[in-house]
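Written below as structure tokens is the structure these notes are about.
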Amino acid sequence: QVQLVESGGGLVQAGGSLRLSCAASGLGNSAMGWFRQAPGKEREFIFVAAISGIGTITYYADSVKGRFTISRDYAKNTVYLQMDSLKSEDTAVYYCARAAPSCSAYGCFEAALRAGSWGQGTQVTVSS
């Protein structure tokens, strides 16, 4: 059974950077992604970014495009989310997810990851 453990969250000032990590057991070539849940938005998990099993395809939410970068290290079975130019609206609990999408389109990725295995989450707080 795959276990996902997120780390790297914390408190940062607006304009700052954080790098989230998601360590996985048995990662293989699964697609990986990040979702977030903003304060007061229970049951509302917003897609942030995704990366394909071989790392050649990435998807980003419009709200983070150009500021966030998703990457993966196969040797370490770890996926990263580099977050730069952080804004107060990025404050959320960030969750990593793993899945095997049935196609390479964005819709397939998001749906598969949303229904896939998730970690426990890591809190990111951006102060303005």
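So you can find residues: chains in the structure tokens are A, B, ... in the order shown, residues in each start at 1, and ligands are numbered from 1 in order.
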
message = Need the shell around stretch 120-127 of chain A: protein/DNA/RNA residues with any atom at most 10 Å away, counting only C-alpha atoms. Skip same-chain ones fewer than 4 positions apart. Format as a PyMOL selection string?
response = chain A and resi 3-18+20-22+34-39+86-97

key: Nearby residues (only C-alpha atoms) at most 9 Å from stretch 63-75 of chain A, same-chain spacing under 5 positions excluded, as JSON, numbers by chain   = {"A": [27, 28, 29, 32, 33, 34, 48, 49, 50, 51, 55, 58, 80, 81, 82, 83, 84, 85, 86, 90]}

For the selection you just gave me, I'd like the residues written to a file as a compact mmCIF listing (two decimals), in the first residue's frame, keeping N, CA, C and O atoms.
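Dumped everything to part_3.txt:
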# COMPACT_ATOMS: atom_id res chain seq x y z
N LEU A 27 6.46 4.42 -5.18
CA LEU A 27 5.96 5.46 -6.09
C LEU A 27 5.88 4.95 -7.53
O LEU A 27 4.90 5.19 -8.23
N GLY A 28 6.93 4.26 -7.97
CA GLY A 28 6.95 3.77 -9.34
C GLY A 28 6.83 4.90 -10.32
O GLY A 28 7.41 5.97 -10.13
N ASN A 29 6.05 4.70 -11.37
CA ASN A 29 5.86 5.72 -12.39
C ASN A 29 4.45 6.28 -12.35
O ASN A 29 3.88 6.68 -13.37
N MET A 32 1.67 12.12 -10.11
CA MET A 32 1.59 12.73 -8.79
C MET A 32 1.03 14.13 -8.92
O MET A 32 1.19 14.79 -9.96
N GLY A 33 0.39 14.59 -7.87
CA GLY A 33 -0.17 15.93 -7.93
C GLY A 33 -0.33 16.53 -6.55
O GLY A 33 -0.11 15.86 -5.54
N TRP A 34 -0.69 17.80 -6.56
CA TRP A 34 -0.94 18.54 -5.32
C TRP A 34 -2.31 19.20 -5.40
O TRP A 34 -2.69 19.76 -6.44
N VAL A 48 -3.85 21.99 -7.75
CA VAL A 48 -2.74 22.93 -7.82
C VAL A 48 -1.80 22.59 -8.97
O VAL A 48 -1.51 23.43 -9.83
N ALA A 49 -1.31 21.35 -8.99
CA ALA A 49 -0.32 20.97 -10.00
C ALA A 49 -0.26 19.45 -10.09
O ALA A 49 -0.65 18.75 -9.17
N ALA A 50 0.24 18.97 -11.23
CA ALA A 50 0.40 17.53 -11.44
C ALA A 50 1.59 17.28 -12.34
O ALA A 50 1.96 18.14 -13.16
N ILE A 51 2.15 16.07 -12.22
CA ILE A 51 3.27 15.68 -13.06
C ILE A 51 3.07 14.22 -13.45
O ILE A 51 2.61 13.40 -12.64
N GLY A 55 7.50 12.24 -15.90
CA GLY A 55 7.92 13.62 -15.69
C GLY A 55 7.90 14.52 -16.90
O GLY A 55 8.39 15.65 -16.83
N THR A 58 3.35 18.23 -17.29
CA THR A 58 2.97 18.92 -16.06
C THR A 58 1.74 19.77 -16.32
O THR A 58 1.53 20.26 -17.44
N TYR A 80 8.15 17.19 -5.44
CA TYR A 80 8.31 18.49 -4.82
C TYR A 80 7.34 19.51 -5.43
O TYR A 80 6.94 19.39 -6.59
N LEU A 81 7.01 20.49 -4.62
CA LEU A 81 6.27 21.64 -5.13
C LEU A 81 7.01 22.88 -4.65
O LEU A 81 6.96 23.24 -3.48
N GLN A 82 7.75 23.50 -5.58
CA GLN A 82 8.46 24.74 -5.28
C GLN A 82 7.47 25.89 -5.44
O GLN A 82 6.90 26.07 -6.52
N MET A 83 7.28 26.64 -4.38
CA MET A 83 6.30 27.73 -4.39
C MET A 83 7.02 29.05 -4.19
O MET A 83 7.62 29.28 -3.12
N ASP A 84 7.00 29.89 -5.19
CA ASP A 84 7.64 31.20 -5.14
C ASP A 84 6.59 32.29 -5.24
O ASP A 84 5.45 32.05 -5.64
N SER A 85 7.01 33.49 -4.88
CA SER A 85 6.11 34.66 -4.94
C SER A 85 4.78 34.36 -4.27
O SER A 85 3.71 34.61 -4.82
N LEU A 86 4.85 33.82 -3.09
CA LEU A 86 3.65 33.39 -2.39
C LEU A 86 2.75 34.57 -2.04
O LEU A 86 3.22 35.66 -1.74
N ASP A 90 -2.63 31.91 -1.07
CA ASP A 90 -2.06 30.56 -1.18
C ASP A 90 -2.14 29.82 0.15
O ASP A 90 -1.82 28.64 0.23

request  = Return the single residue from A:Asn77, A:Ser128, A:Ser52, A:Ser25 that is closest to A:Cys108, with distances computed using only C-alpha atoms.
outcome  = A:Ser52

ask   = Looking at A:Thr56, A:Gly40, A:Lys76, A:Leu113, which one is nearest to A:Gly26, with distances taken over only C-alpha atoms?
value =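 Going through A:Thr56, A:Gly40, A:Lys76, A:Leu113 one by one, the smallest distance to A:Gly26 is for A:Lys76.
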
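Interatomic distance, atom CA of A:Gly116 against atom CA of A:Ile54: 17.8 Å.
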
request  = Could you give me, as a ChimeraX atom specification, each residue of chain A that DSSP assigns to alpha helix (DSSP H) when run on this structure's backbone?
outcome  = /A:106-115
